[in-house]
Amino acid sequence: MEATASLPPYVSSKELVEQDPVSDPLFRVSSVPSGSPDQQWRRRGGRRTSSLLARQRSFGREVGHAAAETYLITRLSFKLLRYLGVGYRWITRLLSLALYAMFLLPGFLQVGFCYFFSSQVHRSIVYGDRPRNRLDLYLPKNSDGLKPIVIFVTGGAWIIGYKAWGSLLGLQLAERDIIVASIDYRNFPQGTISDMVDDISQGISYVCNDVVEFGGDPNKIYLMGQSAGAHISACALLQQAVKESNGDDISWSVSQIRAYFGLSGGYNLLKLVDHFHGRGLYRSVFLSIMEGEKSLKHFSPEFIAQSPSLHNAVSLLPHFILFHGTSDYSIPSDESKAFAETLRIAGARAELILYNGKTHTDLFLQDPLRGGKDDLFDYVVAFIHADDKEALASDALASPRRRFVPEILLRLAHHLSPF
């Protein structure tokens, strides 16, 4: 069972809020009339004891939450084992994955510590009533004024997606005064693709409707997805546009999303079935995730963009920016090329940015763990801050991002990556 974290002071009161220590009987200090130094000392001592007890309780909650998160990740890993079977291709991928994770472990440990213990991270905020309807908020240290907010949807082959996978991105964007909401969603077999799209749509609705309570700017909401998360979030965005243009009842408007960032996404499922089968995500499993072969077009953003039903919705769509590495063997860069071209033909604003020699995980993991200059990160930040001269000036003076992993380990991870 996943623990539910307390919200920051400015988050909606309809969620769980941490109990005020003053009102908690465990933290009451017997009242002493003001006056003598001895009485003042006793009051100060009481406050110190109260503060210590509060820290102990908070630490206990953090440890409990860390244990719950570790259990969930372990369960997801065994779920993947059960559904992928023990074929040769899968075993070789597993061995590569183990070595890959070992090389990046120094970075994972540092990011994991920040995820569990940083006061800027508010975990497991409930956004719906279905299983795993939770999101993590990454808040800037500076709380002055309303901030841009990025809604992020993680990847994970539709099987092991998890909101914590967005922690590195969330922490680094928060350093640039950008709020990040990383949305969790049901994975297969707990849910199929329609459940995933529904969950993400509900998470987007929650953020769009409560953005000011997070300290976010309602005029600067961005949607970003990586890998499977790019596919799911694109489906949610396009399907919402069709509903809105048809006059259906909606809980959020596509016009609230200022731009969509798609990172290493797959947008034409018919082309990917055999490709994934050859890489260990077997055809039978993939078709079960996607609710059968007849549903592949329905859940392919490239086909949705071609359908007549989208013609009236094109004007609602935000600016699409697609990023992809040319050495991505998990999802070929042709997926982003074709989707960008399809969007342009449909009349939408679409931009494609390719990174020569980058793999599926270079853009999202190795490059951010390297620290320093990162073209993708710098592009996203500059795009979000484009109309804010003060933010751009602050970005120009920002310290280089710190390195998490030695270069030799990053290079080894690049060559052994199973992705």
# chains A, B, ... in the order shown; residues from 1 in each chain; ligands from 1

$ residues_around --residues "Ser119 in chain A" --least-positions-apart "5" --cutoff "10 Å" --atoms "only C-alpha atoms" --output "compact mmCIF listing (two decimals) with N, CA, C and O atoms, in the first residue's frame"
# COMPACT_ATOMS: atom_id res chain seq x y z
N PRO A 8 1.98 20.69 0.53
CA PRO A 8 2.53 21.95 0.96
C PRO A 8 1.41 22.86 1.44
O PRO A 8 0.24 22.63 1.12
N CYS A 114 17.24 12.42 -2.37
CA CYS A 114 16.52 13.70 -2.51
C CYS A 114 15.02 13.46 -2.66
O CYS A 114 14.20 14.19 -2.09
N TYR A 138 7.14 18.65 -7.41
CA TYR A 138 8.49 19.16 -7.18
C TYR A 138 8.40 20.68 -7.21
O TYR A 138 8.05 21.27 -8.23
N LEU A 139 8.67 21.31 -6.07
CA LEU A 139 8.45 22.74 -5.91
C LEU A 139 9.77 23.50 -5.82
O LEU A 139 10.70 23.06 -5.15
N LYS A 141 12.44 26.29 -4.52
CA LYS A 141 12.68 26.85 -3.19
C LYS A 141 12.06 28.23 -3.07
O LYS A 141 11.56 28.62 -2.01

$ residues_around --residues "Cys208 in chain A" --least-positions-apart "3" --cutoff "12 Å" --atoms "only C-alpha atoms" --output "PDB file with all heavy atoms, in the first residue's frame"
ATOM      1  N   TYR A 127      -5.079  12.305  -6.854  1.00  0.00           N
ATOM      2  CA  TYR A 127      -5.785  13.092  -7.862  1.00  0.00           C
ATOM      3  C   TYR A 127      -7.056  12.404  -8.360  1.00  0.00           C
ATOM      4  O   TYR A 127      -7.831  12.987  -9.129  1.00  0.00           O
ATOM      5  CB  TYR A 127      -4.871  13.419  -9.052  1.00  0.00           C
ATOM      6  CG  TYR A 127      -4.472  12.255  -9.932  1.00  0.00           C
ATOM      7  CD1 TYR A 127      -5.347  11.723 -10.878  1.00  0.00           C
ATOM      8  CD2 TYR A 127      -3.192  11.693  -9.858  1.00  0.00           C
ATOM      9  CE1 TYR A 127      -4.977  10.667 -11.697  1.00  0.00           C
ATOM     10  CE2 TYR A 127      -2.813  10.637 -10.675  1.00  0.00           C
ATOM     11  CZ  TYR A 127      -3.716  10.129 -11.593  1.00  0.00           C
ATOM     12  OH  TYR A 127      -3.342   9.084 -12.407  1.00  0.00           O
ATOM     13  N   PRO A 148       5.692  28.563 -13.703  1.00  0.00           N
ATOM     14  CA  PRO A 148       5.286  27.616 -14.759  1.00  0.00           C
ATOM     15  C   PRO A 148       5.243  26.203 -14.183  1.00  0.00           C
ATOM     16  O   PRO A 148       5.968  25.888 -13.232  1.00  0.00           O
ATOM     17  CB  PRO A 148       6.411  27.745 -15.801  1.00  0.00           C
ATOM     18  CG  PRO A 148       7.120  29.007 -15.478  1.00  0.00           C
ATOM     19  CD  PRO A 148       6.966  29.227 -14.009  1.00  0.00           C
ATOM     20  N   ILE A 149       4.398  25.368 -14.758  1.00  0.00           N
ATOM     21  CA  ILE A 149       4.288  23.995 -14.259  1.00  0.00           C
ATOM     22  C   ILE A 149       4.322  23.013 -15.420  1.00  0.00           C
ATOM     23  O   ILE A 149       3.668  23.221 -16.443  1.00  0.00           O
ATOM     24  CB  ILE A 149       3.002  23.807 -13.406  1.00  0.00           C
ATOM     25  CG1 ILE A 149       2.923  22.380 -12.840  1.00  0.00           C
ATOM     26  CG2 ILE A 149       1.753  24.153 -14.183  1.00  0.00           C
ATOM     27  CD1 ILE A 149       1.909  22.219 -11.727  1.00  0.00           C
ATOM     28  N   VAL A 150       5.118  21.969 -15.264  1.00  0.00           N
ATOM     29  CA  VAL A 150       5.223  20.895 -16.257  1.00  0.00           C
ATOM     30  C   VAL A 150       4.536  19.654 -15.703  1.00  0.00           C
ATOM     31  O   VAL A 150       4.877  19.179 -14.612  1.00  0.00           O
ATOM     32  CB  VAL A 150       6.696  20.574 -16.584  1.00  0.00           C
ATOM     33  CG1 VAL A 150       6.786  19.336 -17.471  1.00  0.00           C
ATOM     34  CG2 VAL A 150       7.364  21.762 -17.273  1.00  0.00           C
ATOM     35  N   ILE A 151       3.548  19.153 -16.431  1.00  0.00           N
ATOM     36  CA  ILE A 151       2.909  17.883 -16.089  1.00  0.00           C
ATOM     37  C   ILE A 151       3.692  16.793 -16.798  1.00  0.00           C
ATOM     38  O   ILE A 151       3.773  16.780 -18.033  1.00  0.00           O
ATOM     39  CB  ILE A 151       1.438  17.864 -16.544  1.00  0.00           C
ATOM     40  CG1 ILE A 151       0.668  19.013 -15.903  1.00  0.00           C
ATOM     41  CG2 ILE A 151       0.796  16.520 -16.204  1.00  0.00           C
ATOM     42  CD1 ILE A 151      -0.731  19.199 -16.479  1.00  0.00           C
ATOM     43  N   ALA A 181       4.782  18.289 -11.893  1.00  0.00           N
ATOM     44  CA  ALA A 181       3.827  17.317 -11.351  1.00  0.00           C
ATOM     45  C   ALA A 181       4.017  16.014 -12.128  1.00  0.00           C
ATOM     46  O   ALA A 181       3.694  15.942 -13.312  1.00  0.00           O
ATOM     47  CB  ALA A 181       2.394  17.823 -11.509  1.00  0.00           C
ATOM     48  N   SER A 201      -5.469  11.606 -18.210  1.00  0.00           N
ATOM     49  CA  SER A 201      -6.401  12.701 -18.459  1.00  0.00           C
ATOM     50  C   SER A 201      -6.951  13.258 -17.152  1.00  0.00           C
ATOM     51  O   SER A 201      -7.067  14.479 -16.977  1.00  0.00           O
ATOM     52  CB  SER A 201      -7.551  12.223 -19.353  1.00  0.00           C
ATOM     53  OG  SER A 201      -8.415  13.292 -19.679  1.00  0.00           O
ATOM     54  N   GLN A 202      -7.247  12.370 -16.201  1.00  0.00           N
ATOM     55  CA  GLN A 202      -7.750  12.831 -14.915  1.00  0.00           C
ATOM     56  C   GLN A 202      -6.664  13.562 -14.131  1.00  0.00           C
ATOM     57  O   GLN A 202      -6.929  14.556 -13.465  1.00  0.00           O
ATOM     58  CB  GLN A 202      -8.283  11.654 -14.093  1.00  0.00           C
ATOM     59  CG  GLN A 202      -8.971  12.093 -12.805  1.00  0.00           C
ATOM     60  CD  GLN A 202      -9.747  10.987 -12.134  1.00  0.00           C
ATOM     61  OE1 GLN A 202      -9.796   9.865 -12.633  1.00  0.00           O
ATOM     62  NE2 GLN A 202     -10.347  11.283 -10.992  1.00  0.00           N
ATOM     63  N   GLY A 203      -5.417  13.077 -14.233  1.00  0.00           N
ATOM     64  CA  GLY A 203      -4.310  13.763 -13.570  1.00  0.00           C
ATOM     65  C   GLY A 203      -4.085  15.152 -14.145  1.00  0.00           C
ATOM     66  O   GLY A 203      -3.831  16.119 -13.411  1.00  0.00           O
ATOM     67  N   ILE A 204      -4.175  15.274 -15.483  1.00  0.00           N
ATOM     68  CA  ILE A 204      -4.036  16.585 -16.121  1.00  0.00           C
ATOM     69  C   ILE A 204      -5.149  17.512 -15.645  1.00  0.00           C
ATOM     70  O   ILE A 204      -4.919  18.689 -15.341  1.00  0.00           O
ATOM     71  CB  ILE A 204      -4.070  16.435 -17.654  1.00  0.00           C
ATOM     72  CG1 ILE A 204      -2.851  15.650 -18.147  1.00  0.00           C
ATOM     73  CG2 ILE A 204      -4.116  17.807 -18.330  1.00  0.00           C
ATOM     74  CD1 ILE A 204      -2.922  15.266 -19.623  1.00  0.00           C
ATOM     75  N   SER A 205      -6.368  16.978 -15.571  1.00  0.00           N
ATOM     76  CA  SER A 205      -7.510  17.765 -15.108  1.00  0.00           C
ATOM     77  C   SER A 205      -7.278  18.287 -13.691  1.00  0.00           C
ATOM     78  O   SER A 205      -7.537  19.457 -13.387  1.00  0.00           O
ATOM     79  CB  SER A 205      -8.783  16.904 -15.150  1.00  0.00           C
ATOM     80  OG  SER A 205      -9.873  17.578 -14.562  1.00  0.00           O
ATOM     81  N   VAL A 211      -4.080  24.335 -10.234  1.00  0.00           N
ATOM     82  CA  VAL A 211      -2.711  24.786 -10.474  1.00  0.00           C
ATOM     83  C   VAL A 211      -2.312  25.950  -9.580  1.00  0.00           C
ATOM     84  O   VAL A 211      -1.175  26.015  -9.086  1.00  0.00           O
ATOM     85  CB  VAL A 211      -2.523  25.141 -11.973  1.00  0.00           C
ATOM     86  CG1 VAL A 211      -3.442  26.286 -12.385  1.00  0.00           C
ATOM     87  CG2 VAL A 211      -1.084  25.468 -12.286  1.00  0.00           C
ATOM     88  N   VAL A 212      -3.217  26.882  -9.329  1.00  0.00           N
ATOM     89  CA  VAL A 212      -2.885  28.048  -8.507  1.00  0.00           C
ATOM     90  C   VAL A 212      -2.608  27.630  -7.068  1.00  0.00           C
ATOM     91  O   VAL A 212      -1.741  28.195  -6.398  1.00  0.00           O
ATOM     92  CB  VAL A 212      -4.015  29.095  -8.567  1.00  0.00           C
ATOM     93  CG1 VAL A 212      -3.726  30.263  -7.628  1.00  0.00           C
ATOM     94  CG2 VAL A 212      -4.178  29.612  -9.990  1.00  0.00           C
ATOM     95  N   GLU A 213      -3.319  26.616  -6.590  1.00  0.00           N
ATOM     96  CA  GLU A 213      -3.103  26.152  -5.225  1.00  0.00           C
ATOM     97  C   GLU A 213      -1.738  25.494  -5.067  1.00  0.00           C
ATOM     98  O   GLU A 213      -1.227  25.362  -3.961  1.00  0.00           O
ATOM     99  CB  GLU A 213      -4.224  25.186  -4.820  1.00  0.00           C
ATOM    100  CG  GLU A 213      -5.592  25.855  -4.816  1.00  0.00           C
ATOM    101  CD  GLU A 213      -6.670  24.921  -4.317  1.00  0.00           C
ATOM    102  OE1 GLU A 213      -6.490  24.306  -3.260  1.00  0.00           O
ATOM    103  OE2 GLU A 213      -7.699  24.808  -5.003  1.00  0.00           O
ATOM    104  N   PHE A 214      -1.136  25.032  -6.168  1.00  0.00           N
ATOM    105  CA  PHE A 214       0.222  24.505  -6.131  1.00  0.00           C
ATOM    106  C   PHE A 214       1.257  25.637  -6.223  1.00  0.00           C
ATOM    107  O   PHE A 214       2.447  25.382  -6.132  1.00  0.00           O
ATOM    108  CB  PHE A 214       0.488  23.552  -7.308  1.00  0.00           C
ATOM    109  CG  PHE A 214      -0.432  22.371  -7.380  1.00  0.00           C
ATOM    110  CD1 PHE A 214      -0.755  21.812  -8.606  1.00  0.00           C
ATOM    111  CD2 PHE A 214      -0.972  21.810  -6.244  1.00  0.00           C
ATOM    112  CE1 PHE A 214      -1.599  20.718  -8.695  1.00  0.00           C
ATOM    113  CE2 PHE A 214      -1.819  20.724  -6.316  1.00  0.00           C
ATOM    114  CZ  PHE A 214      -2.136  20.175  -7.539  1.00  0.00           C
ATOM    115  N   GLY A 215       0.787  26.853  -6.474  1.00  0.00           N
ATOM    116  CA  GLY A 215       1.706  27.951  -6.745  1.00  0.00           C
ATOM    117  C   GLY A 215       2.022  28.058  -8.215  1.00  0.00           C
ATOM    118  O   GLY A 215       2.973  28.738  -8.617  1.00  0.00           O
ATOM    119  N   GLY A 216       1.227  27.386  -9.082  1.00  0.00           N
ATOM    120  CA  GLY A 216       1.485  27.378 -10.519  1.00  0.00           C
ATOM    121  C   GLY A 216       0.726  28.461 -11.253  1.00  0.00           C
ATOM    122  O   GLY A 216      -0.318  28.942 -10.798  1.00  0.00           O
ATOM    123  N   ASP A 217       1.247  28.828 -12.401  1.00  0.00           N
ATOM    124  CA  ASP A 217       0.638  29.838 -13.258  1.00  0.00           C
ATOM    125  C   ASP A 217      -0.327  29.155 -14.227  1.00  0.00           C
ATOM    126  O   ASP A 217       0.099  28.335 -15.044  1.00  0.00           O
ATOM    127  CB  ASP A 217       1.733  30.578 -14.039  1.00  0.00           C
ATOM    128  CG  ASP A 217       1.206  31.763 -14.833  1.00  0.00           C
ATOM    129  OD1 ASP A 217      -0.004  31.795 -15.130  1.00  0.00           O
ATOM    130  OD2 ASP A 217       2.013  32.659 -15.158  1.00  0.00           O
ATOM    131  N   PRO A 218      -1.632  29.457 -14.177  1.00  0.00           N
ATOM    132  CA  PRO A 218      -2.594  28.779 -15.050  1.00  0.00           C
ATOM    133  C   PRO A 218      -2.371  29.075 -16.527  1.00  0.00           C
ATOM    134  O   PRO A 218      -2.909  28.368 -17.388  1.00  0.00           O
ATOM    135  CB  PRO A 218      -3.943  29.319 -14.574  1.00  0.00           C
ATOM    136  CG  PRO A 218      -3.635  30.611 -13.899  1.00  0.00           C
ATOM    137  CD  PRO A 218      -2.275  30.435 -13.278  1.00  0.00           C
ATOM    138  N   ASN A 219      -1.601  30.094 -16.840  1.00  0.00           N
ATOM    139  CA  ASN A 219      -1.311  30.429 -18.234  1.00  0.00           C
ATOM    140  C   ASN A 219      -0.009  29.808 -18.734  1.00  0.00           C
ATOM    141  O   ASN A 219       0.389  30.046 -19.878  1.00  0.00           O
ATOM    142  CB  ASN A 219      -1.244  31.950 -18.403  1.00  0.00           C
ATOM    143  CG  ASN A 219      -2.562  32.621 -18.088  1.00  0.00           C
ATOM    144  OD1 ASN A 219      -3.612  32.177 -18.553  1.00  0.00           O
ATOM    145  ND2 ASN A 219      -2.528  33.673 -17.279  1.00  0.00           N
ATOM    146  N   LYS A 220       0.642  29.032 -17.873  1.00  0.00           N
ATOM    147  CA  LYS A 220       1.913  28.428 -18.254  1.00  0.00           C
ATOM    148  C   LYS A 220       1.954  26.964 -17.813  1.00  0.00           C
ATOM    149  O   LYS A 220       2.757  26.554 -16.974  1.00  0.00           O
ATOM    150  CB  LYS A 220       3.082  29.195 -17.640  1.00  0.00           C
ATOM    151  CG  LYS A 220       3.224  30.626 -18.172  1.00  0.00           C
ATOM    152  CD  LYS A 220       4.427  31.335 -17.578  1.00  0.00           C
ATOM    153  CE  LYS A 220       4.571  32.743 -18.145  1.00  0.00           C
ATOM    154  NZ  LYS A 220       5.747  33.447 -17.569  1.00  0.00           N
ATOM    155  N   ILE A 221       1.041  26.185 -18.383  1.00  0.00           N
ATOM    156  CA  ILE A 221       0.976  24.756 -18.090  1.00  0.00           C
ATOM    157  C   ILE A 221       1.497  23.995 -19.313  1.00  0.00           C
ATOM    158  O   ILE A 221       1.057  24.226 -20.440  1.00  0.00           O
ATOM    159  CB  ILE A 221      -0.465  24.305 -17.778  1.00  0.00           C
ATOM    160  CG1 ILE A 221      -1.035  25.109 -16.602  1.00  0.00           C
ATOM    161  CG2 ILE A 221      -0.500  22.810 -17.458  1.00  0.00           C
ATOM    162  CD1 ILE A 221      -2.507  24.818 -16.331  1.00  0.00           C
ATOM    163  N   TYR A 222       2.436  23.086 -19.083  1.00  0.00           N
ATOM    164  CA  TYR A 222       3.062  22.326 -20.169  1.00  0.00           C
ATOM    165  C   TYR A 222       2.891  20.836 -19.887  1.00  0.00           C
ATOM    166  O   TYR A 222       2.880  20.415 -18.725  1.00  0.00           O
ATOM    167  CB  TYR A 222       4.553  22.671 -20.281  1.00  0.00           C
ATOM    168  CG  TYR A 222       4.808  24.139 -20.532  1.00  0.00           C
ATOM    169  CD1 TYR A 222       4.857  25.048 -19.472  1.00  0.00           C
ATOM    170  CD2 TYR A 222       4.979  24.617 -21.825  1.00  0.00           C
ATOM    171  CE1 TYR A 222       5.062  26.407 -19.706  1.00  0.00           C
ATOM    172  CE2 TYR A 222       5.198  25.969 -22.067  1.00  0.00           C
ATOM    173  CZ  TYR A 222       5.234  26.854 -20.998  1.00  0.00           C
ATOM    174  OH  TYR A 222       5.439  28.191 -21.233  1.00  0.00           O
ATOM    175  N   LEU A 223       2.761  20.056 -20.943  1.00  0.00           N
ATOM    176  CA  LEU A 223       2.620  18.601 -20.821  1.00  0.00           C
ATOM    177  C   LEU A 223       3.839  17.942 -21.453  1.00  0.00           C
ATOM    178  O   LEU A 223       4.223  18.288 -22.572  1.00  0.00           O
ATOM    179  CB  LEU A 223       1.343  18.147 -21.518  1.00  0.00           C
ATOM    180  CG  LEU A 223       1.056  16.631 -21.542  1.00  0.00           C
ATOM    181  CD1 LEU A 223       0.904  16.083 -20.127  1.00  0.00           C
ATOM    182  CD2 LEU A 223      -0.209  16.348 -22.369  1.00  0.00           C
ATOM    183  N   SER A 251     -13.582  18.089 -18.319  1.00  0.00           N
ATOM    184  CA  SER A 251     -13.140  18.641 -17.034  1.00  0.00           C
ATOM    185  C   SER A 251     -11.889  19.505 -17.177  1.00  0.00           C
ATOM    186  O   SER A 251     -11.471  20.137 -16.214  1.00  0.00           O
ATOM    187  CB  SER A 251     -12.871  17.507 -16.041  1.00  0.00           C
ATOM    188  OG  SER A 251     -11.850  16.637 -16.535  1.00  0.00           O
ATOM    189  N   TRP A 252     -11.266  19.494 -18.367  1.00  0.00           N
ATOM    190  CA  TRP A 252     -10.142  20.381 -18.644  1.00  0.00           C
ATOM    191  C   TRP A 252     -10.103  20.663 -20.142  1.00  0.00           C
ATOM    192  O   TRP A 252     -10.618  19.885 -20.941  1.00  0.00           O
ATOM    193  CB  TRP A 252      -8.805  19.781 -18.177  1.00  0.00           C
ATOM    194  CG  TRP A 252      -8.419  18.477 -18.833  1.00  0.00           C
ATOM    195  CD1 TRP A 252      -8.878  17.229 -18.510  1.00  0.00           C
ATOM    196  CD2 TRP A 252      -7.489  18.283 -19.910  1.00  0.00           C
ATOM    197  NE1 TRP A 252      -8.304  16.272 -19.319  1.00  0.00           N
ATOM    198  CE2 TRP A 252      -7.445  16.887 -20.184  1.00  0.00           C
ATOM    199  CE3 TRP A 252      -6.680  19.138 -20.664  1.00  0.00           C
ATOM    200  CZ2 TRP A 252      -6.627  16.339 -21.184  1.00  0.00           C
ATOM    201  CZ3 TRP A 252      -5.865  18.594 -21.660  1.00  0.00           C
ATOM    202  CH2 TRP A 252      -5.840  17.218 -21.906  1.00  0.00           C
ATOM    203  N   SER A 253      -9.526  21.791 -20.499  1.00  0.00           N
ATOM    204  CA  SER A 253      -9.492  22.194 -21.896  1.00  0.00           C
ATOM    205  C   SER A 253      -8.083  22.050 -22.451  1.00  0.00           C
ATOM    206  O   SER A 253      -7.098  22.378 -21.780  1.00  0.00           O
ATOM    207  CB  SER A 253      -9.947  23.647 -22.039  1.00  0.00           C
ATOM    208  OG  SER A 253      -9.720  24.121 -23.359  1.00  0.00           O
ATOM    209  N   VAL A 254      -8.002  21.573 -23.693  1.00  0.00           N
ATOM    210  CA  VAL A 254      -6.710  21.450 -24.363  1.00  0.00           C
ATOM    211  C   VAL A 254      -6.032  22.814 -24.476  1.00  0.00           C
ATOM    212  O   VAL A 254      -4.803  22.924 -24.455  1.00  0.00           O
ATOM    213  CB  VAL A 254      -6.897  20.815 -25.761  1.00  0.00           C
ATOM    214  CG1 VAL A 254      -5.609  20.856 -26.557  1.00  0.00           C
ATOM    215  CG2 VAL A 254      -7.374  19.375 -25.617  1.00  0.00           C
ATOM    216  N   SER A 255      -6.836  23.871 -24.558  1.00  0.00           N
ATOM    217  CA  SER A 255      -6.275  25.220 -24.657  1.00  0.00           C
ATOM    218  C   SER A 255      -5.526  25.641 -23.398  1.00  0.00           C
ATOM    219  O   SER A 255      -4.768  26.624 -23.423  1.00  0.00           O
ATOM    220  CB  SER A 255      -7.388  26.227 -24.956  1.00  0.00           C
ATOM    221  OG  SER A 255      -8.349  26.247 -23.912  1.00  0.00           O
ATOM    222  N   GLN A 256      -5.706  24.898 -22.303  1.00  0.00           N
ATOM    223  CA  GLN A 256      -4.961  25.200 -21.077  1.00  0.00           C
ATOM    224  C   GLN A 256      -3.509  24.741 -21.159  1.00  0.00           C
ATOM    225  O   GLN A 256      -2.679  25.177 -20.365  1.00  0.00           O
ATOM    226  CB  GLN A 256      -5.636  24.534 -19.864  1.00  0.00           C
ATOM    227  CG  GLN A 256      -6.990  25.114 -19.502  1.00  0.00           C
ATOM    228  CD  GLN A 256      -7.643  24.357 -18.363  1.00  0.00           C
ATOM    229  OE1 GLN A 256      -8.331  23.356 -18.553  1.00  0.00           O
ATOM    230  NE2 GLN A 256      -7.409  24.832 -17.154  1.00  0.00           N
ATOM    231  N   ILE A 257      -3.219  23.833 -22.096  1.00  0.00           N
ATOM    232  CA  ILE A 257      -1.858  23.315 -22.270  1.00  0.00           C
ATOM    233  C   ILE A 257      -1.123  24.204 -23.269  1.00  0.00           C
ATOM    234  O   ILE A 257      -1.521  24.303 -24.425  1.00  0.00           O
ATOM    235  CB  ILE A 257      -1.875  21.855 -22.758  1.00  0.00           C
ATOM    236  CG1 ILE A 257      -2.733  20.985 -21.826  1.00  0.00           C
ATOM    237  CG2 ILE A 257      -0.445  21.316 -22.860  1.00  0.00           C
ATOM    238  CD1 ILE A 257      -2.255  20.932 -20.398  1.00  0.00           C
ATOM    239  N   ARG A 258      -0.044  24.815 -22.821  1.00  0.00           N
ATOM    240  CA  ARG A 258       0.652  25.770 -23.676  1.00  0.00           C
ATOM    241  C   ARG A 258       1.540  25.078 -24.718  1.00  0.00           C
ATOM    242  O   ARG A 258       1.713  25.581 -25.831  1.00  0.00           O
ATOM    243  CB  ARG A 258       1.497  26.693 -22.795  1.00  0.00           C
ATOM    244  CG  ARG A 258       2.010  27.916 -23.515  1.00  0.00           C
ATOM    245  CD  ARG A 258       2.400  28.981 -22.529  1.00  0.00           C
ATOM    246  NE  ARG A 258       2.875  30.172 -23.199  1.00  0.00           N
ATOM    247  CZ  ARG A 258       3.187  31.298 -22.569  1.00  0.00           C
ATOM    248  NH1 ARG A 258       3.045  31.371 -21.260  1.00  0.00           N
ATOM    249  NH2 ARG A 258       3.622  32.338 -23.239  1.00  0.00           N
TER     250      ARG A 258
END

$ residues_around --residues "Gly266 in chain A" --least-positions-apart "4" --cutoff "8 Å" --atoms "only C-alpha atoms" --output "short mmCIF file (atom, residue, chain, number, x, y, z; two decimals) with N, CA and C atoms, in the first residue's frame"
data_model
loop_
_atom_site.label_atom_id
_atom_site.label_comp_id
_atom_site.auth_asym_id
_atom_site.auth_seq_id
_atom_site.Cartn_x
_atom_site.Cartn_y
_atom_site.Cartn_z
N SER A 227 8.94 8.27 -23.64
CA SER A 227 8.77 6.88 -24.06
C SER A 227 7.28 6.49 -24.06
N ALA A 228 6.90 5.46 -23.32
CA ALA A 228 5.49 5.09 -23.25
C ALA A 228 4.65 6.23 -22.71
N ALA A 230 5.14 9.36 -23.35
CA ALA A 230 4.90 10.28 -24.46
C ALA A 230 3.72 9.79 -25.29
N HIS A 231 3.63 8.48 -25.49
CA HIS A 231 2.51 7.90 -26.24
C HIS A 231 1.20 8.12 -25.51
N LEU A 272 5.03 -0.62 -34.59
CA LEU A 272 5.88 -0.99 -33.45
C LEU A 272 5.65 -2.41 -32.94
N ILE A 331 12.69 2.65 -29.45
CA ILE A 331 11.66 3.26 -30.29
C ILE A 331 12.40 4.09 -31.33
N GLU A 335 9.63 7.29 -35.62
CA GLU A 335 8.32 7.49 -34.99
C GLU A 335 8.03 8.98 -34.79
N SER A 336 9.00 9.70 -34.27
CA SER A 336 8.81 11.14 -34.05
C SER A 336 8.79 11.91 -35.37
#

$ residues_around --residues "Arg186 in chain A" --least-positions-apart "2" --cutoff "7 Å" --atoms "only C-alpha atoms" --output "list in words"
Pro131, Arg132, Phe188, Gln190, Gly191, Asp195 and Met196 of chain A

$ select_by_dssp --residues "range 187-272 of chain A" --states "alpha helix (DSSP H)" --output "PyMOL selection string"
chain A and resi 193-210+228-245+269-272

$ residues_around --residues "Leu109 in chain A" --least-positions-apart "5" --cutoff "12 Å" --atoms "only C-alpha atoms" --output "VMD selection string"
chain A and resid 101 to 104 114 to 116 167 to 168 369 404 to 405

$ write_last_selection --atoms "N, CA and C atoms" --output "mmCIF file, in the first residue's frame"
data_model
loop_
_atom_site.group_PDB
_atom_site.id
_atom_site.type_symbol
_atom_site.label_atom_id
_atom_site.label_comp_id
_atom_site.auth_asym_id
_atom_site.auth_seq_id
_atom_site.Cartn_x
_atom_site.Cartn_y
_atom_site.Cartn_z
ATOM 1 N N ALA A 101 22.178 -0.609 -14.678
ATOM 2 C CA ALA A 101 21.775 -0.012 -13.395
ATOM 3 C C ALA A 101 22.946 0.078 -12.422
ATOM 4 N N MET A 102 23.828 -0.915 -12.451
ATOM 5 C CA MET A 102 24.984 -0.905 -11.554
ATOM 6 C C MET A 102 25.903 0.275 -11.865
ATOM 7 N N PHE A 103 26.126 0.562 -13.138
ATOM 8 C CA PHE A 103 26.997 1.672 -13.515
ATOM 9 C C PHE A 103 26.400 3.022 -13.120
ATOM 10 N N LEU A 104 25.078 3.124 -13.149
ATOM 11 C CA LEU A 104 24.431 4.392 -12.818
ATOM 12 C C LEU A 104 24.009 4.486 -11.356
ATOM 13 N N CYS A 114 17.237 12.424 -2.372
ATOM 14 C CA CYS A 114 16.517 13.699 -2.513
ATOM 15 C C CYS A 114 15.017 13.458 -2.658
ATOM 16 N N TYR A 115 14.657 12.423 -3.394
ATOM 17 C CA TYR A 115 13.243 12.131 -3.620
ATOM 18 C C TYR A 115 12.529 11.838 -2.300
ATOM 19 N N PHE A 116 13.171 11.075 -1.433
ATOM 20 C CA PHE A 116 12.524 10.686 -0.188
ATOM 21 C C PHE A 116 12.634 11.733 0.917
ATOM 22 N N SER A 167 11.843 11.811 -11.046
ATOM 23 C CA SER A 167 12.422 12.591 -9.944
ATOM 24 C C SER A 167 13.624 13.433 -10.364
ATOM 25 N N LEU A 168 14.490 12.898 -11.221
ATOM 26 C CA LEU A 168 15.665 13.665 -11.646
ATOM 27 C C LEU A 168 15.235 14.902 -12.429
ATOM 28 N N LEU A 369 22.334 12.987 -15.664
ATOM 29 C CA LEU A 369 23.232 12.534 -14.603
ATOM 30 C C LEU A 369 24.662 13.058 -14.811
ATOM 31 N N PHE A 404 26.364 13.659 -11.237
ATOM 32 C CA PHE A 404 25.972 12.599 -10.313
ATOM 33 C C PHE A 404 26.797 11.330 -10.499
ATOM 34 N N VAL A 405 27.308 11.107 -11.721
ATOM 35 C CA VAL A 405 27.984 9.848 -12.051
ATOM 36 C C VAL A 405 29.275 10.166 -12.806
#

$ closest_residue --among "A:Phe320, A:Tyr260, A:Tyr282, A:Tyr267" --to "Phe299 in chain A" --atoms "only C-alpha atoms"
A:Tyr267
